[in-house]
>>> print(open('start.cif').read())   # mmCIF, C-alpha atoms
data_final
#
loop_
_atom_site.label_atom_id
_atom_site.label_comp_id
_atom_site.auth_asym_id
_atom_site.auth_seq_id
_atom_site.Cartn_x
_atom_site.Cartn_y
_atom_site.Cartn_z
CA MET X 32 -24.56 3.86 5.30
CA THR X 33 -23.84 0.16 5.47
CA ARG X 34 -21.06 -1.57 7.34
CA ARG X 35 -19.49 -4.65 5.83
CA THR X 36 -18.87 -7.45 8.28
CA GLY X 37 -16.41 -9.64 6.33
CA ILE X 38 -13.41 -8.05 8.05
CA VAL X 39 -13.79 -7.67 11.79
CA CYS X 40 -14.40 -4.03 12.83
CA ALA X 41 -11.80 -3.00 10.40
CA PHE X 42 -13.12 -0.68 7.80
CA VAL X 43 -15.86 1.71 6.98
CA ALA X 44 -18.07 0.83 4.01
CA LEU X 45 -19.96 3.87 2.90
CA VAL X 46 -22.41 3.08 0.15
CA ALA X 47 -23.73 5.92 -1.96
CA THR X 48 -26.11 5.41 -4.87
CA GLY X 49 -26.70 7.35 -8.06
CA LEU X 50 -27.35 6.94 -11.76
CA ALA X 51 -25.14 4.23 -13.29
CA GLY X 52 -23.11 5.39 -16.22
CA CYS X 53 -23.39 9.16 -15.58
CA GLY X 54 -20.34 11.31 -16.05
CA GLY X 55 -18.28 8.86 -18.11
CA PRO X 56 -18.06 5.41 -19.64
CA VAL X 57 -20.40 2.73 -18.31
CA GLU X 58 -19.02 1.37 -15.04
CA LEU X 59 -18.50 -2.26 -14.16
CA ASP X 60 -21.64 -4.33 -13.82
CA ALA X 61 -22.37 -6.45 -10.74
CA ASP X 62 -20.54 -9.53 -12.05
CA GLU X 63 -17.50 -7.49 -13.07
CA ARG X 64 -17.42 -5.76 -9.70
CA ALA X 65 -17.54 -9.11 -7.92
CA ALA X 66 -14.67 -10.42 -10.06
CA ALA X 67 -12.59 -7.28 -9.43
CA GLU X 68 -13.25 -7.50 -5.70
CA GLN X 69 -12.15 -11.13 -5.56
CA ALA X 70 -9.02 -10.60 -7.64
CA LEU X 71 -7.83 -7.17 -6.51
CA TYR X 72 -8.96 -6.33 -3.02
CA PRO X 73 -7.35 -9.06 -0.87
CA PRO X 74 -3.84 -8.73 -2.35
CA PHE X 75 -4.09 -4.94 -2.41
CA HIS X 76 -4.86 -4.73 1.28
CA ARG X 77 -1.95 -7.01 2.06
CA VAL X 78 0.38 -4.63 0.27
CA HIS X 79 -1.30 -1.34 1.21
CA GLY X 80 -1.97 -2.04 4.87
CA ARG X 81 -4.60 -3.34 7.24
CA VAL X 82 -7.94 -1.64 7.37
CA LEU X 83 -8.23 0.87 10.19
CA PRO X 84 -9.37 -1.03 13.31
CA THR X 85 -11.17 1.96 14.82
CA SER X 86 -12.03 5.41 13.49
CA PRO X 87 -12.78 8.62 15.37
CA ASP X 88 -16.42 9.19 16.28
CA GLY X 89 -18.46 10.73 13.50
CA LEU X 90 -15.87 10.22 10.78
CA GLU X 91 -18.04 7.76 8.83
CA ALA X 92 -21.06 10.06 8.84
CA ARG X 93 -18.99 13.03 7.72
CA LEU X 94 -17.55 11.12 4.77
CA THR X 95 -21.00 9.91 3.81
CA GLY X 96 -22.28 13.48 3.73
CA LEU X 97 -19.34 14.67 1.65
CA LEU X 98 -19.87 11.93 -0.90
CA ASP X 99 -23.56 12.77 -1.13
CA ARG X 100 -22.81 16.43 -1.79
CA LEU X 101 -20.24 15.62 -4.47
CA ARG X 102 -22.57 13.19 -6.20
CA GLU X 103 -25.55 15.55 -6.13
CA ALA X 104 -23.37 18.17 -7.82
CA GLY X 105 -22.47 15.74 -10.62
CA ALA X 106 -18.96 14.72 -9.53
CA GLU X 107 -17.47 11.75 -11.34
CA LEU X 108 -18.24 8.91 -8.94
CA PRO X 109 -19.45 5.34 -9.49
CA SER X 110 -23.02 4.51 -8.55
CA THR X 111 -21.73 2.39 -5.65
CA VAL X 112 -18.74 3.55 -3.64
CA ASP X 113 -17.00 1.82 -0.74
CA VAL X 114 -14.70 4.13 1.20
CA VAL X 115 -12.15 2.03 3.06
CA LEU X 116 -9.91 3.59 5.69
CA THR X 117 -6.57 1.84 6.13
CA VAL X 118 -3.60 2.10 8.47
CA GLU X 119 -1.32 3.11 5.58
CA ALA X 120 1.16 5.61 7.01
CA ASP X 121 2.06 7.40 3.81
CA PRO X 122 -0.42 10.15 2.84
CA ASP X 123 -2.29 8.38 0.04
CA ALA X 124 -5.74 7.82 -1.43
CA LEU X 125 -6.79 6.03 -4.60
CA CYS X 126 -9.58 4.06 -6.22
CA LEU X 127 -9.67 0.39 -7.22
CA ALA X 128 -11.91 -1.08 -9.90
CA GLY X 129 -15.50 -1.54 -8.80
CA GLY X 130 -15.69 1.72 -6.88
CA ARG X 131 -13.51 1.14 -3.82
CA ILE X 132 -11.89 4.36 -2.65
CA VAL X 133 -9.03 3.72 -0.23
CA ILE X 134 -7.80 6.46 2.10
CA GLY X 135 -4.86 5.91 4.44
CA ARG X 136 -4.63 7.35 7.94
CA GLY X 137 -1.43 9.08 6.83
CA LEU X 138 -3.54 11.37 4.64
CA LEU X 139 -6.47 11.64 7.04
CA ALA X 140 -4.06 13.02 9.64
CA TRP X 141 -3.32 16.04 7.42
CA LEU X 142 -6.88 17.13 6.65
CA HIS X 143 -8.00 20.45 8.15
CA SER X 144 -11.61 20.70 6.95
CA ASP X 145 -14.58 19.14 5.20
CA ASP X 146 -13.48 20.96 2.07
CA GLU X 147 -10.11 19.22 2.07
CA ALA X 148 -11.66 15.84 2.78
CA ALA X 149 -14.02 16.42 -0.15
CA ALA X 150 -10.98 17.24 -2.32
CA VAL X 151 -9.44 13.87 -1.44
CA LEU X 152 -12.68 12.09 -2.30
CA ALA X 153 -13.06 13.98 -5.58
CA ALA X 154 -9.49 13.20 -6.68
CA ALA X 155 -9.84 9.53 -5.79
CA GLY X 156 -13.25 9.37 -7.44
CA SER X 157 -11.72 10.61 -10.69
CA MET X 158 -9.56 7.47 -10.68
CA CYS X 159 -12.52 5.10 -10.44
CA ARG X 160 -13.43 5.19 -14.13
CA ALA X 161 -9.80 4.69 -15.15
CA ALA X 162 -9.55 1.84 -12.65
CA ASP X 163 -12.59 0.17 -14.24
CA ARG X 164 -11.08 0.55 -17.70
CA ALA X 165 -7.77 -0.89 -16.51
CA TRP X 166 -9.59 -3.86 -15.01
CA ARG X 167 -11.48 -4.51 -18.25
CA ALA X 168 -8.21 -4.36 -20.19
CA GLY X 169 -6.94 -7.27 -18.10
CA ALA X 170 -3.40 -8.61 -18.12
CA SER X 171 -3.22 -8.27 -21.92
CA LYS X 172 -2.42 -4.60 -21.56
CA GLY X 173 0.85 -5.39 -19.82
CA LEU X 174 2.58 -3.49 -17.07
CA PRO X 175 2.55 0.31 -17.25
CA ALA X 176 5.68 2.33 -17.80
CA ASP X 177 6.84 4.07 -14.65
CA GLU X 178 9.74 6.31 -13.80
CA PRO X 179 12.59 4.46 -12.01
CA ASP X 180 12.36 6.71 -8.95
CA SER X 181 8.56 6.86 -8.82
CA LEU X 182 7.30 6.67 -5.24
CA ARG X 183 4.32 4.66 -6.44
CA LYS X 184 6.63 2.12 -8.04
CA LEU X 185 8.73 1.90 -4.90
CA ARG X 186 5.66 1.39 -2.73
CA TYR X 187 4.20 -1.36 -4.89
CA ILE X 188 7.37 -2.95 -6.21
CA ASP X 189 6.41 -6.35 -4.84
CA VAL X 190 3.35 -6.59 -7.04
CA ARG X 191 5.08 -5.59 -10.26
CA LEU X 192 5.03 -9.13 -11.63
CA ASP X 193 3.15 -10.49 -14.63
CA GLY X 194 0.58 -12.31 -12.52
CA ASN X 195 -0.31 -9.03 -10.81
CA ALA X 196 -0.32 -6.70 -13.80
CA ALA X 197 -3.95 -5.66 -13.30
CA LEU X 198 -3.35 -4.86 -9.62
CA TYR X 199 -0.14 -2.99 -10.35
CA ARG X 200 -1.85 -0.78 -12.94
CA GLN X 201 -4.44 0.13 -10.32
CA ALA X 202 -1.90 0.76 -7.57
CA VAL X 203 0.36 3.11 -9.55
CA ALA X 204 -2.36 5.04 -11.41
CA GLY X 205 -2.54 8.81 -11.17
CA ALA X 206 -5.69 10.83 -10.62
CA CYS X 207 -7.69 13.28 -12.76
CA GLY X 208 -5.99 12.36 -16.02
CA GLY X 209 -3.06 14.57 -15.07
CA ASP X 210 -5.24 17.66 -14.58
CA CYS X 211 -6.22 17.60 -10.90
CA ALA X 212 -5.27 21.26 -10.47
CA SER X 213 -8.39 22.32 -12.40
CA VAL X 214 -10.64 19.25 -12.23
CA VAL X 215 -10.82 18.92 -8.44
CA PRO X 216 -11.36 22.62 -7.60
CA ALA X 217 -14.14 22.78 -10.20
CA SER X 218 -15.86 19.73 -8.69
CA LEU X 219 -15.55 21.23 -5.22
CA ARG X 220 -17.04 24.56 -6.22
CA GLU X 221 -19.97 22.89 -7.99
CA ALA X 222 -20.76 21.02 -4.75
CA GLY X 223 -20.55 24.16 -2.62
CA PHE X 224 -17.08 23.51 -1.20
CA ASP X 225 -14.10 25.84 -1.22
CA GLY X 226 -12.34 25.13 -4.52
CA GLU X 227 -9.00 26.31 -3.15
CA ALA X 228 -9.04 23.63 -0.43
CA PHE X 229 -7.38 21.23 -2.86
CA HIS X 230 -4.53 23.66 -3.52
CA ARG X 231 -4.08 24.33 0.18
CA LEU X 232 -3.81 20.63 1.00
CA VAL X 233 -1.39 20.02 -1.85
CA HIS X 234 0.72 23.00 -0.81
CA ARG X 235 0.81 21.92 2.82
CA LEU X 236 1.90 18.39 1.96
CA SER X 237 4.45 19.72 -0.55
CA VAL X 238 6.07 21.62 2.30
CA GLU X 239 5.65 19.13 5.14
CA ARG X 240 5.53 15.74 3.39
CA PRO X 241 7.00 16.26 -0.09
CA GLU X 242 7.48 12.53 -0.69
CA SER X 243 3.87 11.56 -0.03
CA LEU X 244 2.32 9.17 -2.53
CA TRP X 245 -0.83 11.26 -2.86
CA LEU X 246 1.15 14.23 -4.17
CA GLU X 247 2.54 12.08 -6.93
CA ARG X 248 -0.90 10.77 -7.82
CA VAL X 249 -2.45 14.24 -8.15
CA GLY X 250 0.50 15.95 -9.83
CA GLY X 251 1.48 17.90 -6.75
CA ALA X 252 4.33 19.83 -8.37
CA ALA X 253 1.87 21.47 -10.76
CA ALA X 254 -0.85 22.03 -8.19
CA SER X 255 0.98 23.49 -5.20
CA ALA X 256 1.27 27.15 -6.15
CA ALA X 257 -1.45 28.36 -3.81
CA ALA X 258 -0.36 29.34 -0.31
CA ASP X 259 -1.89 27.62 2.69
CA GLY X 260 -4.43 30.12 3.92
CA ALA X 261 -6.18 27.84 6.40
CA GLY X 262 -5.27 27.61 10.05
CA ALA X 263 -4.11 24.36 11.60
CA GLY X 264 -6.91 21.92 12.18
CA ASP X 265 -7.61 18.39 13.33
CA TRP X 266 -10.41 17.22 11.06
CA SER X 267 -10.01 13.46 11.63
CA GLY X 268 -8.67 13.29 15.17
CA LEU X 269 -5.44 11.74 13.90
CA ALA X 270 -3.20 14.82 13.74
CA ASP X 271 -1.17 13.77 16.79
CA LEU X 272 0.05 10.74 14.81
CA ARG X 273 1.60 12.76 11.98
CA ASP X 274 5.26 12.51 12.97
CA GLY X 275 5.10 8.84 13.87
CA LEU X 276 3.29 8.00 10.64
CA GLU X 277 5.91 9.85 8.64
CA HIS X 278 8.62 7.71 10.24
CA LEU X 279 6.71 4.58 9.19
CA ALA X 280 6.28 5.94 5.68
CA VAL X 281 10.03 6.53 5.50
CA VAL X 282 10.62 2.90 6.49
CA ARG X 283 8.61 1.70 3.49
CA ARG X 284 10.27 4.11 1.09
CA GLU X 285 13.78 3.23 2.20
CA ILE X 286 13.08 -0.50 2.06
CA GLY X 287 11.95 -0.02 -1.53
CA ARG X 288 15.15 1.84 -2.31
CA GLY X 289 17.26 -0.82 -0.62
CA ARG X 290 18.59 1.61 2.01
CA LEU X 291 18.06 -0.56 5.05
CA ASP X 292 20.25 1.53 7.37
CA ARG X 293 17.98 4.53 6.89
CA ALA X 294 14.90 2.35 7.21
CA TYR X 295 16.19 0.99 10.50
CA ARG X 296 16.76 4.47 11.93
CA ALA X 297 13.24 5.44 10.87
CA VAL X 298 11.62 2.38 12.42
CA LEU X 299 13.39 3.08 15.72
CA ALA X 300 12.14 6.68 15.62
CA ALA X 301 8.62 5.44 14.87
CA GLY X 302 8.82 3.12 17.86
CA ARG X 303 9.64 6.04 20.14
CA THR X 304 6.76 8.11 18.74
CA LEU X 305 4.17 5.34 18.34
CA PRO X 306 5.40 2.63 20.75
CA ASP X 307 2.23 0.52 20.64
CA ASP X 308 1.37 0.87 16.96
CA VAL X 309 0.68 -2.60 15.55
CA ASP X 310 1.86 -1.82 12.06
CA GLY X 311 4.98 -0.10 13.31
CA ARG X 312 5.86 -3.18 15.34
CA TYR X 313 5.15 -5.43 12.38
CA LEU X 314 7.39 -3.30 10.15
CA HIS X 315 10.10 -3.54 12.80
CA ALA X 316 9.89 -7.34 12.66
CA GLU X 317 10.15 -7.27 8.86
CA LEU X 318 13.11 -4.93 8.98
CA ASP X 319 14.85 -7.07 11.61
CA LEU X 320 14.56 -9.95 9.18
CA ARG X 321 15.86 -7.92 6.25
CA ASN X 322 18.86 -7.10 8.45
CA ASN X 323 19.41 -10.83 9.10
CA HIS X 324 18.15 -10.74 12.69
CA ALA X 325 15.71 -13.62 12.28
CA TYR X 326 15.41 -14.41 15.98
CA TYR X 327 14.44 -10.82 16.83
CA ALA X 328 11.95 -10.83 13.97
CA ARG X 329 10.41 -14.08 15.22
CA ASP X 330 10.04 -12.73 18.75
CA ARG X 331 8.35 -9.53 17.54
CA LEU X 332 5.95 -11.41 15.29
CA GLU X 333 5.04 -13.96 17.94
CA ALA X 334 4.36 -11.16 20.44
CA LEU X 335 1.94 -9.50 18.02
CA LEU X 336 0.12 -12.74 17.28
CA ALA X 337 -0.08 -13.63 20.98
CA GLU X 338 -1.91 -10.34 21.54
CA GLY X 339 -4.56 -11.46 19.04
CA HIS X 340 -3.74 -9.12 16.16
CA ARG X 341 -4.86 -10.26 12.72
CA LEU X 342 -1.99 -9.50 10.36
CA PRO X 343 -2.53 -10.05 6.63
CA ASP X 344 1.06 -11.11 5.99
CA ALA X 345 1.68 -13.13 9.16
CA ASP X 346 2.15 -16.49 7.42
CA TYR X 347 4.30 -14.92 4.76
CA LEU X 348 6.59 -13.26 7.31
CA ARG X 349 6.71 -16.38 9.47
CA GLY X 350 7.73 -18.49 6.46
CA TRP X 351 10.38 -15.95 5.55
CA ILE X 352 11.72 -16.10 9.13
CA LEU X 353 11.84 -19.90 9.07
CA ALA X 354 13.77 -19.83 5.81
CA HIS X 355 16.41 -17.72 7.54
CA LEU X 356 16.44 -20.09 10.50
CA ARG X 357 16.95 -23.03 8.08
CA GLU X 358 13.72 -24.73 9.08
CA LEU X 359 13.24 -25.42 5.41
CA GLU X 360 10.26 -27.76 5.34
CA ASP X 361 8.16 -25.49 7.56
CA ALA X 362 9.30 -22.45 5.60
CA GLU X 363 8.25 -24.02 2.32
CA ALA X 364 4.87 -25.05 3.74
CA LEU X 365 4.14 -21.42 4.64
CA LEU X 366 5.77 -19.56 1.75
CA GLY X 367 4.41 -21.76 -1.04
CA PRO X 368 0.72 -20.88 -0.65
CA GLU X 369 1.58 -17.25 0.05
CA LEU X 370 3.48 -16.89 -3.21
CA VAL X 371 0.57 -18.33 -5.15
CA PHE X 372 -1.73 -15.76 -3.55
CA LEU X 373 0.58 -12.77 -3.97
CA PRO X 374 4.00 -13.23 -5.58
CA ARG X 375 6.48 -10.90 -3.95
CA ALA X 376 10.12 -10.34 -4.76
CA PRO X 377 11.48 -11.00 -1.24
CA GLY X 378 9.39 -14.16 -0.87
CA LEU X 379 10.54 -15.48 -4.23
CA TYR X 380 14.10 -14.76 -3.23
CA GLU X 381 13.73 -16.54 0.09
CA MET X 382 12.18 -19.57 -1.60
CA ALA X 383 15.11 -19.59 -4.00
CA VAL X 384 17.47 -19.63 -1.02
CA VAL X 385 15.53 -22.60 0.38
CA ARG X 386 15.90 -24.43 -2.92
CA VAL X 387 19.63 -23.68 -3.12
CA ARG X 388 20.12 -25.08 0.36
CA GLN X 389 18.22 -28.18 -0.73
CA GLY X 390 20.46 -28.53 -3.76
CA ARG X 391 17.60 -27.85 -6.19
CA ASP X 392 19.44 -25.28 -8.28
CA GLU X 393 17.18 -25.32 -11.36
CA GLU X 394 14.12 -24.49 -9.28
CA ALA X 395 16.11 -21.82 -7.45
CA ALA X 396 17.16 -20.22 -10.73
CA ALA X 397 13.56 -20.08 -11.94
CA LEU X 398 12.46 -18.41 -8.70
CA LEU X 399 15.27 -15.88 -8.91
CA GLU X 400 14.28 -15.01 -12.46
CA ARG X 401 10.77 -14.23 -11.24
CA ALA X 402 12.12 -12.22 -8.31
CA ASP X 403 14.36 -10.23 -10.63
CA ALA X 404 11.26 -9.22 -12.62
CA ALA X 405 10.42 -6.87 -9.75
CA GLY X 406 12.96 -4.49 -11.25
CA PRO X 407 16.43 -3.12 -10.51
CA THR X 408 15.19 -1.02 -7.57
CA SER X 409 14.37 -4.15 -5.60
CA PRO X 410 16.47 -4.25 -2.43
CA TYR X 411 17.25 -7.86 -3.33
CA ALA X 412 18.89 -7.12 -6.68
CA ASP X 413 22.47 -7.59 -5.43
CA ALA X 414 21.57 -10.67 -3.37
CA ILE X 415 19.84 -12.23 -6.38
CA ASP X 416 22.99 -11.67 -8.46
CA THR X 417 25.09 -13.37 -5.78
CA ILE X 418 22.89 -16.47 -5.62
CA GLU X 419 22.73 -16.67 -9.42
CA GLN X 420 26.54 -16.60 -9.55
CA LEU X 421 26.69 -19.41 -6.96
CA ILE X 422 24.31 -21.53 -9.03
CA GLU X 423 26.32 -20.90 -12.18
CA ARG X 424 29.57 -21.93 -10.47
CA ARG X 425 27.99 -25.15 -9.25
CA ARG X 426 26.76 -25.91 -12.76
CA ARG X 427 30.31 -25.68 -14.05
#
>>> encode(input="start.cif", output="structure tokens")
Amino acid sequence: MTRRTGIVCAFVALVATGLAGCGGPVELDADERAAAEQALYPPFHRVHGRVLPTSPDGLEARLTGLLDRLREAGAELPSTVDVVLTVEADPDALCLAGGRIVIGRGLLAWLHSDDEAAAVLAAAGSMCRAADRAWRAGASKGLPADEPDSLRKLRYIDVRLDGNAALYRQAVAGACGGDCASVVPASLREAGFDGEAFHRLVHRLSVERPESLWLERVGGAAASAAADGAGAGDWSGLADLRDGLEHLAVVRREIGRGRLDRAYRAVLAAGRTLPDDVDGRYLHAELDLRNNHAYYARDRLEALLAEGHRLPDADYLRGWILAHLRELEDAEALLGPELVFLPRAPGLYEMAVVRVRQGRDEEAAALLERADAAGPTSPYADAIDTIEQLIERRRR
């Protein structure tokens, strides 16, 4: 096992080796992997969540062993795999081009056994080849079709812009080619695991967390017939966080749906359950801002930064706050570089508001057009319409 040092004590890098090209199309070469890492990984982690600052003792070694067993049995895995644990509250796991499997603590908290953890790895590993192919296709392939109420679309709505087409295709991809119900159990059995562990995990989440992203990725509705025959367990040491993490996951879902009242109730509940959780506090600051409480948002953000927390979106959120507080020059100085790095619908909207207040209507209209490309489910759809109407009236 090797530990990457580029991000301070934040994630586990588990490197497993095997025969390149086995079990599917030839994977990305070293240059392609480096390009994918540079283009996809930083913006993905800003959207998906910070890497997990600390992990329970022994978790890294257990994951390493599970990967080794799957690979030795011929499971579809790249020759080099980085397993990154993140603070993502929603139960989710996926693979990005170049062999980076990402597992959120929201899913880790629901695992009962090595068999179930291996099922998560096997399902995510099945996405790696598709992720490589999507990366090779580049932006020319365009954005994928997605159902309007897809949880994956709601979670990653802010990256559904032309400049982030490759990342969006990775973020909303499903696993196992739509056949996880047979593919994953077969892989588990070949590696000596309990093949029904996948069905048990899917069934449990279908009952307890039916809106989890991972269920959508693996086709949970078709894979949840098996009853949960395993007793309650605490495989990762994170089970006591389940309820609080679900509240945080609800916040994200309701923000994506534009239902800020429900999101606010959920963030307050999360604060009672996980009062010191960094990401919960950061989400609270963001939601304060979305509810036009810019001063509260500023105070929450400044408190987090004063404690020394490294937050991927700190400059973005600070710029957004300053735009609300009408400190326009400082807001533009912060938001401008952030939007180049990762265009996001709310940021584009806020920059448009800045431009309107500066009397630069043509630039505002162009920004709103880009923001509107995020789709009709964006919580800013109505606000964008209002600003566009104001600009049109001023033109007349």
>>> resolve_selection(input="start.cif", expression="the PyMOL selection byres ((chain X and resi 209) around 12)", output="ChimeraX atom specification")
/X:154,157-158,161,204-208,210-215,246-254
>>> axis_aligned_box(input="start.cif", around="region 155-172 of chain X", padding_each_side="4 Å", output="JSON")
{"center_x": -7.9, "center_y": 1.0, "center_z": -13.9, "size_x": 19.0, "size_y": 27.2, "size_z": 24.1}
>>> resolve_selection(input="start.cif", expression="the PyMOL selection byres ((chain X and resi 128) around 7)", output="JSON, numbers by chain")
{"X": [67, 126, 127, 129, 130, 131, 159, 162, 163, 166]}
>>> write_last_selection(input="start.cif", atoms="C-alpha atoms", output="mmCIF file, keeping the file's coordinate frame")
data_model
loop_
_atom_site.group_PDB
_atom_site.id
_atom_site.type_symbol
_atom_site.label_atom_id
_atom_site.label_comp_id
_atom_site.auth_asym_id
_atom_site.auth_seq_id
_atom_site.Cartn_x
_atom_site.Cartn_y
_atom_site.Cartn_z
ATOM 1 C CA ALA X 67 -12.590 -7.280 -9.430
ATOM 2 C CA CYS X 126 -9.580 4.060 -6.220
ATOM 3 C CA LEU X 127 -9.670 0.390 -7.220
ATOM 4 C CA GLY X 129 -15.500 -1.540 -8.800
ATOM 5 C CA GLY X 130 -15.690 1.720 -6.880
ATOM 6 C CA ARG X 131 -13.510 1.140 -3.820
ATOM 7 C CA CYS X 159 -12.520 5.100 -10.440
ATOM 8 C CA ALA X 162 -9.550 1.840 -12.650
ATOM 9 C CA ASP X 163 -12.590 0.170 -14.240
ATOM 10 C CA TRP X 166 -9.590 -3.860 -15.010
#
>>> closest_residue(input="start.cif", among="X:Ala383, X:Ala168, X:Ala297, X:Leu101", to="Gly223 (chain X)", atoms="all atoms listed in the file")
X:Leu101
>>> closest_atom_pairs(input="start.cif", of="region 281-317 of chain X", to="region 78-99 of chain X", cutoff="12 Å", atoms="all atoms listed in the file", output="CSV")
residue,atom,partner,partner_atom,distance
X:Arg283,CA,X:His79,CA,10.6
X:Asp308,CA,X:Pro84,CA,11.5
X:Val309,CA,X:Arg81,CA,9.9
X:Asp310,CA,X:Gly80,CA,8.1
X:Gly311,CA,X:Gly80,CA,11.1
X:Tyr313,CA,X:Gly80,CA,10.9
X:Leu314,CA,X:Gly80,CA,10.8
>>> closest_residue(input="start.cif", among="X:Ala202, X:Leu244, X:Ala165, X:Leu108", to="Asp123 (chain X)", atoms="only C-alpha atoms")
X:Leu244
>>> resolve_selection(input="start.cif", expression="the PyMOL selection byres ((chain X and resi 340) around 12)", output="PyMOL selection string")
chain X and resi 39+41+81+84+308-310+312-313+332-339+341-345
>>> closest_residue(input="start.cif", among="X:Pro368, X:Arg426, X:Arg375, X:Arg102", to="Asp392 (chain X)", atoms="only C-alpha atoms")
X:Arg426
>>> atom_distance(input="start.cif", atom1="CA of Ala217 (chain X)", atom2="CA of Ala106 (chain X)")
9.4 Å
>>> closest_residue(input="start.cif", among="X:Gly137, X:Ala148, X:Ser181, X:Arg284", to="Asp271 (chain X)", atoms="all atoms listed in the file")
X:Gly137
>>> closest_residue(input="start.cif", among="X:Asp145, X:Asp330, X:Leu198, X:Leu318", to="Asp225 (chain X)", atoms="all atoms listed in the file")
X:Asp145
>>> atom_distance(input="start.cif", atom1="CA of Leu348 (chain X)", atom2="CA of Arg386 (chain X)")
17.8 Å
>>> atom_distance(input="start.cif", atom1="CA of Gln201 (chain X)", atom2="CA of Leu370 (chain X)")
20.1 Å
>>> residues_near_point(input="start.cif", point="(0.6, 20.3, -2.3)", cutoff="12 Å", atoms="all atoms listed in the file", output="PyMOL selection string")
chain X and resi 122+141+147+150-151+211-212+227-259
>>> residues_around(input="start.cif", residues="Leu399 (chain X)", least_positions_apart="3", cutoff="10 Å", atoms="all atoms listed in the file", output="VMD selection string")
chain X and resid 376 to 377 379 to 384 393 to 396 402 to 404 411 to 412 414 to 416 418 to 419
>>> closest_residue(input="start.cif", among="X:Val115, X:Ile352, X:Leu138, X:Ala196", to="Ala270 (chain X)", atoms="all atoms listed in the file")
X:Leu138
